[in-house]
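Q: Have a look at the structure that comes next, please.
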Amino acid sequence: MKKIATRIAAGTIGALGVAGVAFGAAGAAHAGTMPIVRPGEPTVTMTISNHTDKPEYLVGSSAAGGEWVNGPAQVLYPGATEIVSAAAPLSGHLDVGATYRIGLGGPTAEYQISNHRYGVDTSMTGVSGRGSQQYWINTSVATGYPQANVSYDLW
């Protein structure tokens with residue numbers, strides 16, 4: 001009787017382990033997407049990657065219409081990637097931005113997203129200022145309103 005109880009317990013633990021691995025894998029497939037607190041509540045997840053040889057220094061950021069869940073880092077080093085996220089509780093829109101200076105005196109990189117009922121817009125993203133022509137930002141929107149997920153790659 002004791003052997004049967006031990007086997008049942010071991011089988012249950014094994015099944016829970018397999019279920020945990022499956023659940024973890026499903027979560028990994030959606031990494032970067034914010035959990036939905038209230039249906040229709042806008043959220044933004046921005047993955048920002050610095051592919052340059054210079055650090056980026058934060059000079060400004062905003063989560064207009066919402067609040068930060070995970071705000072931008074003060075410094076984004078060469079080769080580094082960060083995930084920035086914000087949510088807009090009880091709102092129908094969310095405008096998120098982070099502005100970095102490339103190097104100590106270089107141009108500014110502007111990472112912007114507007115997440116509204118009428119669509120997702122990243123057209124305000126870009127590099128400006130002296131020396132900006134040597135940099136560019138590739139933008140890729142993976143999911144739209146209300147849970148916008150966008151990747152930015154500065155080259």
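Ordering of the structure tokens sets the chain letters (A, B, ...); residue numbers start at 1 within each chain; ligands are numbered from 1 in the order shown.
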With a distance cut-off of 7 Å and only C-alpha atoms, select the neighbouring residues of Leu58 (chain A), excluding the residue or stretch itself and same-chain residues fewer than 3 positions from it, and output the selection as a PyMOL selection string.
A: chain A and resi 74-75+99-101
Q: Can you tell me which residues surround Val69 (chain A) at a distance of at most 10 Å, considering only C-alpha atoms, apart from same-chain residues fewer than 3 positions away, and format the answer as a list in words?
A: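 Residues meeting the cut-off are Met34, Thr43, Val44, Thr45, Ala63, Gly66, Pro72, Val84, Ser85, Ala86, Ala87 and Ala88 of chain A.
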Q: With only C-alpha atoms as the counted atoms, please give the residues lying no more than 9 Å from Tyr77 (chain A), apart from itself and same-chain residues fewer than 3 positions off, as a list in words.
A: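 So, after excluding close chain neighbours, the residues are Asn50, Thr52, Asp53, Lys54, Pro55, Glu56, Tyr57, Ala80 and Thr81 of chain A.
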Q: Hey, can you spit out that residue selection with C-alpha atoms as a CSV table (one decimal), in the first residue's frame?
A:
```
chain,number,residue,atom,x,y,z
A,50,ASN,CA,21.6,49.5,-28.8
A,52,THR,CA,26.2,51.0,-31.7
A,53,ASP,CA,29.6,51.3,-30.1
A,54,LYS,CA,28.4,54.2,-27.9
A,55,PRO,CA,26.3,54.2,-24.7
A,56,GLU,CA,22.9,55.9,-24.8
A,57,TYR,CA,22.2,58.3,-22.0
A,80,ALA,CA,22.5,46.0,-24.5
A,81,THR,CA,18.8,45.5,-24.8
```
Q: How many Å lie between CA of Tyr145 (chain A) and CA of Ala64 (chain A), rounded to one decimal?
A: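 These atoms are spaced 15.7 Å apart.
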Q: Give me the residues of region 79-112 of chain A that have any atom at most 10 Å from an atom of region 148-154 of chain A; for each, the nearest atom pair and the distance in Å, rounded to one decimal. Use only C-alpha atoms, sort by chain and number, and format it as a Markdown table.
A:
```
| residue | atom | partner | partner_atom | distance |
| --- | --- | --- | --- | --- |
| A:Gly79 | CA | A:Leu154 | CA | 9.9 |
| A:Thr81 | CA | A:Asp153 | CA | 8.9 |
| A:Ile83 | CA | A:Ser151 | CA | 9.1 |
| A:Ser85 | CA | A:Asn149 | CA | 9.2 |
| A:Leu94 | CA | A:Ala148 | CA | 9.7 |
| A:Ile102 | CA | A:Leu154 | CA | 9.8 |
| A:Ala109 | CA | A:Leu154 | CA | 8.0 |
| A:Tyr111 | CA | A:Tyr152 | CA | 7.4 |
| A:Gln112 | CA | A:Tyr152 | CA | 9.6 |
```
Q: For those residues, write C-alpha atoms to a file as a short mmCIF file (atom, residue, chain, number, x, y, z; two decimals), in the first residue's frame.
A:
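Listing of result33.cif after writing:
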```cif
data_model
loop_
_atom_site.label_atom_id
_atom_site.label_comp_id
_atom_site.auth_asym_id
_atom_site.auth_seq_id
_atom_site.Cartn_x
_atom_site.Cartn_y
_atom_site.Cartn_z
CA GLY A 79 25.17 45.76 -27.29
CA THR A 81 18.77 45.52 -24.79
CA ILE A 83 12.38 46.16 -22.06
CA SER A 85 6.67 48.90 -20.33
CA LEU A 94 -1.22 55.53 -24.13
CA ILE A 102 24.03 58.72 -28.29
CA ALA A 109 17.54 58.82 -30.45
CA TYR A 111 11.79 56.01 -29.31
CA GLN A 112 8.06 56.84 -29.52
#
```
Q: Return as a PyMOL selection string the full set of residues in region 24-144 of chain A whose backbone-based DSSP assignment is strand (DSSP E).
A: chain A and resi 43-50+56-64+67-70+75-76+81-87+93-102+108-116+119-121+126-128+137-143
Q: Grab the CA of Ser61 (chain A) to CA of Met46 (chain A) distance for me, in Å with one decimal place.
A: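 Going from CA of Ser61 (chain A) over to CA of Met46 (chain A), I get 12.6 Å.
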Q: Restricting the calculation to only C-alpha atoms, which member of A:Ser91, A:Asn70, A:Gln133, A:Thr139 is positioned closest to Ser49 (chain A)?
A: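 Between A:Ser91, A:Asn70, A:Gln133, A:Thr139, the residue approaching Ser49 (chain A) most closely is A:Thr139.
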Q: Smallest atom-to-atom distance to Gln134 (chain A): which of A:Thr108, A:Thr122, A:Asn115, A:Gln147, using only C-alpha atoms?
A: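 Checking each of A:Thr108, A:Thr122, A:Asn115, A:Gln147 against Gln134 (chain A), counting only C-alpha atoms, the winner is A:Thr108.
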